[in-house]
Every structure is written in structure tokens, then in C-alpha cells.
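S.K.: Quick one: the structure is below, questions incoming.
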Amino acid sequence: MSKEEQNQLNSEAVEENLTSDDLAAAISKAALAGNFNEADALRERLIKIDPVNLKLIVSTGEIIEDQKTKLLDKDHLAVWDALYGDLTEEESNGLFYSMESALLDTNKLLQVQGKISNRLFFIDNGKVALFYRKDGKNMIAAQLGRGDIVGESSFFEISLCPLSAATQAETKLYSLTRSAAEAWQEVHPGLYEKVAEFCRKQGKSGEAIAANELDRRSTRRHPISGVAGAVVLQKDGSPGANRFKGGLSDISQSGLCFDIKCSRQETARALLAAEVELALEFDERPQAPLQIKGQITKVGFHLHNDYSVHVKFIEPIAESTFKTLPCQWPEDEESDE
């Protein structure tokens with residue numbers, strides 16, 4: 001048995017013999033010392049052994065929250081007053097103590113375009129550049145600083161990072177992981193949506209994406225009817241067991257979008273960045289399916305378990321082949337059929 005396991009057993013044995021008043025005193029001591037994880041764990045123990053002692057349960061909870069509030073980073077609160085001002089004391093503490101602070105040197109990457117990121121960043125001070133690759137060069141999309149957010153697009157949506165981000169000077173920031181935010185559901189219901197709504201309104205990556213036309217495919221998309229059957233590929237490129245299909249929405253030479261039903265968001269999120277082999281069958285062309293490989297870059301959520309799957313092709317469809325597809329062509333373009 002390891003030393004850590006022995007200490008854990010000893011700690012649990014001691015707790016078994018603690019009275020409710022002993023636990024309350026230990027909770028207060030831990031909270032006053034700023035050991036909030038320990039204080040919360042002891043309070044959970046109190047609730048378990050003495051669930052009817054509501055007065056003690058409430059008072060220890062208040063002690064923990066009061067101490068958390070006293071130890072909040074006042075400079076951070078001043079920068080993010082608009083965010084914290086819309087939260088209750090418990091929600092403010094829940095957000096702050098879910099995050100990690102960091103002081104980063106210049107040229108530190110926060111996220112990479114086209115990759116998965118599970119972090120959201122709140123800049124207290126410093127400079128961060130949002131940029132993208134074009135013709136082998138890094139192109140600046142936006143400059144961020146005090147009071148700006150990094151990563152809201154890929155954090156609150158099922159999407160690969162649309163932009164890269166890197167510090168351009170010494171930068172103080174707080175970061176929030178997706179797992180920490182998801183843990184709020186039980187203890188702080190409603191906090192996730194409040195933070196998400198704030199970030200949607202205040203985040204600047206959407207403006208940067210639109211201004212640089214990064215939300216557009218490299219080739220023009222066209223509405224099309226049919227079915228897309230997808231097989232998720234394994235790391236070695238062989239077909240896996242995960243298969244799904246849905247109705248085609250639109251297609252371009254470089255990618256497509258199709259709609260699926262999915263009962264669990266975790267399942268939809270697991271599709272992000274997956275490479276798939278697609279078999280495309282078109283309503284107006286009963287021929288052999290068009291086979292093509294791509295990578296899932298975004299999974300958009302709609303209502304009633306409806307999702308839209310966005311795929312970027314590994315290799316674009318040749319123009320000669322694309323012109324034969326039964327798309328809804330605009331008047332300025334015509335199919336070769």
C-alpha cells in the first residue's frame with residue numbers, strides 16, 4: 001500500500017470518529033486557511049453523517065462562501081465586473097475557484113487553428129494575437145488585451161479552433177477547462193449558460209472570423225438533396241465500427257454539411273476532428289454513391305437532438321466531377337449535365 005493510500009485511510013478513519021461539532025470546527029479551520037477543497041469535502045462528510053442538522057450545514061456553507069469571497073482576486077474582479085456583476089455570490093465563487101491563473105511570457109500558444117481546445121481564457125492584462133494560416137504565412141485576425149476572451153468559439157460550440165492564439169507580451173490570464181465548467185451543473189445550475197451568454201456577447205473571435213471571411217469555405221457551397229453515409233476511420237485509416245448517416249444540406253468542392261439526429265451531446269462532441277469516409281447518394285441521381293474522405297470540423301446543435309455535421313474534404317472534389325452533381329445551381333452557374 002502506498003503512503004498516499006495509507007494517509008487516505010488514516011484520514012477517513014479519523015473522520016469516522018468526528019462529531020458534527022468537530023467537523024464544523026474542522027470546516028471553519030480549513031476555510032480560514034483557504035483550503036476550500038478540504039472544507040468542501042468535510043462539509044460533504046457532515047451532510048452525510050448528520051443530514052438533519054440543517055443549522056450547522058447552512059452555517060458551515062456560509063463560512064466557506066464568505067472566506068472564498070474574501071480571498072477573491074480583486075484586480076481580476078475589477079476587470080470582469082460586467083461578468084461577475086450578473087452572478088450570485090455562490091456563482092461568482094464557483095466560477096473563480098474553477099479557474100487557474102497564469103502569468104505567461106511572450107510567444108506562448110493558447111490554441112491552434114484546426115485543433116481541439118478544451119480551455120477558455122480570460123485576459124486580465126497583456127496582449128494576445130488571434131491569427132490564421134494563409135499561403136504559408138501567419139495572418140493577424142485580431143489583437144486582444146485586458147478584458148478580452150480567447151477560445152469562446154471552440155469552448156461553447158462543438159468546433160475545432162477557427163483561429164490560433166498566442167501571447168505577444170507578458171500576459172496574466174485565467175483559464176477554465178471544459179470539465180470544470182461541466183461540473184457546475186449539479187452545484188451551480190445556470191452558471192454555465194450565464195458565462196456562455198456573456199462570452200457570446202463579448203467575445204471578439206466571431207467578428208475576426210467574419211472580417212477575414214474565415215467562416216466561408218474556400219469554394220462556393222450549393223444546396224443539394226440526398227443522404228450522406230459516414231464511417232469513422234481508425235488511426236490507421238481503416239473503417240471503424242462507428243457509422244451514421246443523415247440528410248445532405250449543402251456541398252462545395254472543399255466540404256459539405258449534413259444533418260443527423262443524436263440523443264447525447266457527448267456523442268456528438270466525440271465526432272469532432274474525426275476523419276470519416278463518406279458515401280454520398282443524391283436524390284436526383286440514382287447512380288453509385290460518390291465516395292470521399294474528410295474531417296469533421298464542427299458539429300452544430302439545433303433543437304430536439306438535431307445536429308449539423310460540417311466536413312472538410314481531405315482532397316477537394318475535381319471541378320469536372322463537381323459540375324455533374326445535382327446541386328441547386330444559381331443562374332450564373334450551370335451544371336454540366
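If you're wondering about the labels, chains in the C-alpha cells are A, B, ... by order shown, residues count from 1 in each chain, ligands from 1 in order shown.
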Could you name the residues that touch A:Pro162 at 9 Å or less, counting only C-alpha atoms, but leaving out those on the same chain fewer than 3 positions away, as a tab-separated table (two decimals) with N, CA and C atoms, in the first residue's frame?
M.R.:
```
chain	number	residue	atom	x	y	z
A	112	VAL	N	-4.57	26.39	-31.22
A	112	VAL	CA	-4.05	26.22	-32.58
A	112	VAL	C	-5.21	26.01	-33.55
A	113	GLN	N	-5.20	26.77	-34.62
A	113	GLN	CA	-6.24	26.68	-35.65
A	113	GLN	C	-6.36	25.24	-36.15
A	114	GLY	N	-7.62	24.76	-36.22
A	114	GLY	CA	-7.87	23.42	-36.74
A	114	GLY	C	-7.68	22.30	-35.73
A	115	LYS	N	-7.38	22.65	-34.47
A	115	LYS	CA	-7.20	21.65	-33.43
A	115	LYS	C	-8.30	21.78	-32.37
A	132	TYR	N	-4.31	33.31	-38.30
A	132	TYR	CA	-4.62	32.14	-39.11
A	132	TYR	C	-3.55	31.98	-40.18
A	153	SER	N	-15.35	30.37	-29.20
A	153	SER	CA	-15.97	29.66	-30.33
A	153	SER	C	-15.86	28.15	-30.18
A	154	SER	N	-14.68	27.67	-29.81
A	154	SER	CA	-14.48	26.23	-29.69
A	154	SER	C	-14.88	25.70	-28.32
A	159	SER	N	-16.67	22.56	-32.02
A	159	SER	CA	-15.94	23.08	-33.18
A	159	SER	C	-14.44	23.03	-32.95
A	205	SER	N	-13.78	36.79	-31.33
A	205	SER	CA	-13.30	35.89	-32.39
A	205	SER	C	-14.31	35.79	-33.53
A	209	ILE	N	-13.38	36.35	-37.36
A	209	ILE	CA	-13.63	35.31	-38.37
A	209	ILE	C	-14.41	35.89	-39.54
A	214	LEU	N	-13.23	33.95	-42.78
A	214	LEU	CA	-12.77	32.60	-42.46
A	214	LEU	C	-13.92	31.64	-42.23
A	215	ASP	N	-15.15	32.18	-42.14
A	215	ASP	CA	-16.31	31.32	-41.97
A	215	ASP	C	-16.81	30.80	-43.32
```
S.K.: Skipping near chain neighbours, those fewer than 5 positions away, what residues fall within 10 Å of A:His310 using only C-alpha atoms, listed as a ChimeraX atom specification?
M.R.: /A:159,249-251,255-259,272,294-300
S.K.: With distances taken over only C-alpha atoms, which residue among A:Lys323, A:Arg146, A:Lys172, A:Arg133 lies nearest A:Lys108?
M.R.: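 Closest to A:Lys108 of all the choices is A:Lys172.
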S.K.: I want to know what sits within 8 Å of A:Arg119, based on only C-alpha atoms, with residues of the same chain fewer than 2 positions away left out; could you give that as a short mmCIF file (atom, residue, chain, number, x, y, z; two decimals) with N, CA and C atoms, in the first residue's frame?
M.R.:
```cif
data_model
loop_
_atom_site.label_atom_id
_atom_site.label_comp_id
_atom_site.auth_asym_id
_atom_site.auth_seq_id
_atom_site.Cartn_x
_atom_site.Cartn_y
_atom_site.Cartn_z
N SER A 117 -9.64 22.38 -28.67
CA SER A 117 -9.23 23.06 -27.44
C SER A 117 -10.35 22.93 -26.42
N PHE A 121 -10.11 31.26 -22.05
CA PHE A 121 -9.15 32.15 -21.40
C PHE A 121 -9.75 33.54 -21.18
N GLY A 151 -11.04 31.81 -27.09
CA GLY A 151 -11.49 30.42 -27.15
C GLY A 151 -12.97 30.18 -27.04
N PHE A 155 -15.06 26.57 -27.33
CA PHE A 155 -15.42 26.13 -25.98
C PHE A 155 -16.92 25.88 -25.85
N SER A 175 -7.71 30.66 -16.83
CA SER A 175 -8.23 29.69 -17.78
C SER A 175 -9.23 28.76 -17.11
N LEU A 176 -10.22 28.36 -17.89
CA LEU A 176 -11.29 27.47 -17.43
C LEU A 176 -11.32 26.25 -18.34
N THR A 177 -11.29 25.06 -17.76
CA THR A 177 -11.39 23.84 -18.57
C THR A 177 -12.85 23.45 -18.75
N ARG A 178 -13.11 22.71 -19.82
CA ARG A 178 -14.47 22.27 -20.08
C ARG A 178 -14.97 21.34 -18.97
#
```
S.K.: Given the choices A:Gly147, A:Gly203, A:Pro289, A:Gly126, which gets closest to A:Glu277 if the distance is worked out from only C-alpha atoms?
M.R.: A:Pro289
S.K.: From the DSSP assignment of the backbone, select every residue of stretch 131-260 of chain A that is strand (DSSP E), and format the answer as a PyMOL selection string.
M.R.: chain A and resi 131-134+137-144+149-150+158-159+164-167+171-177+222-223+226-233+239-251+255-260
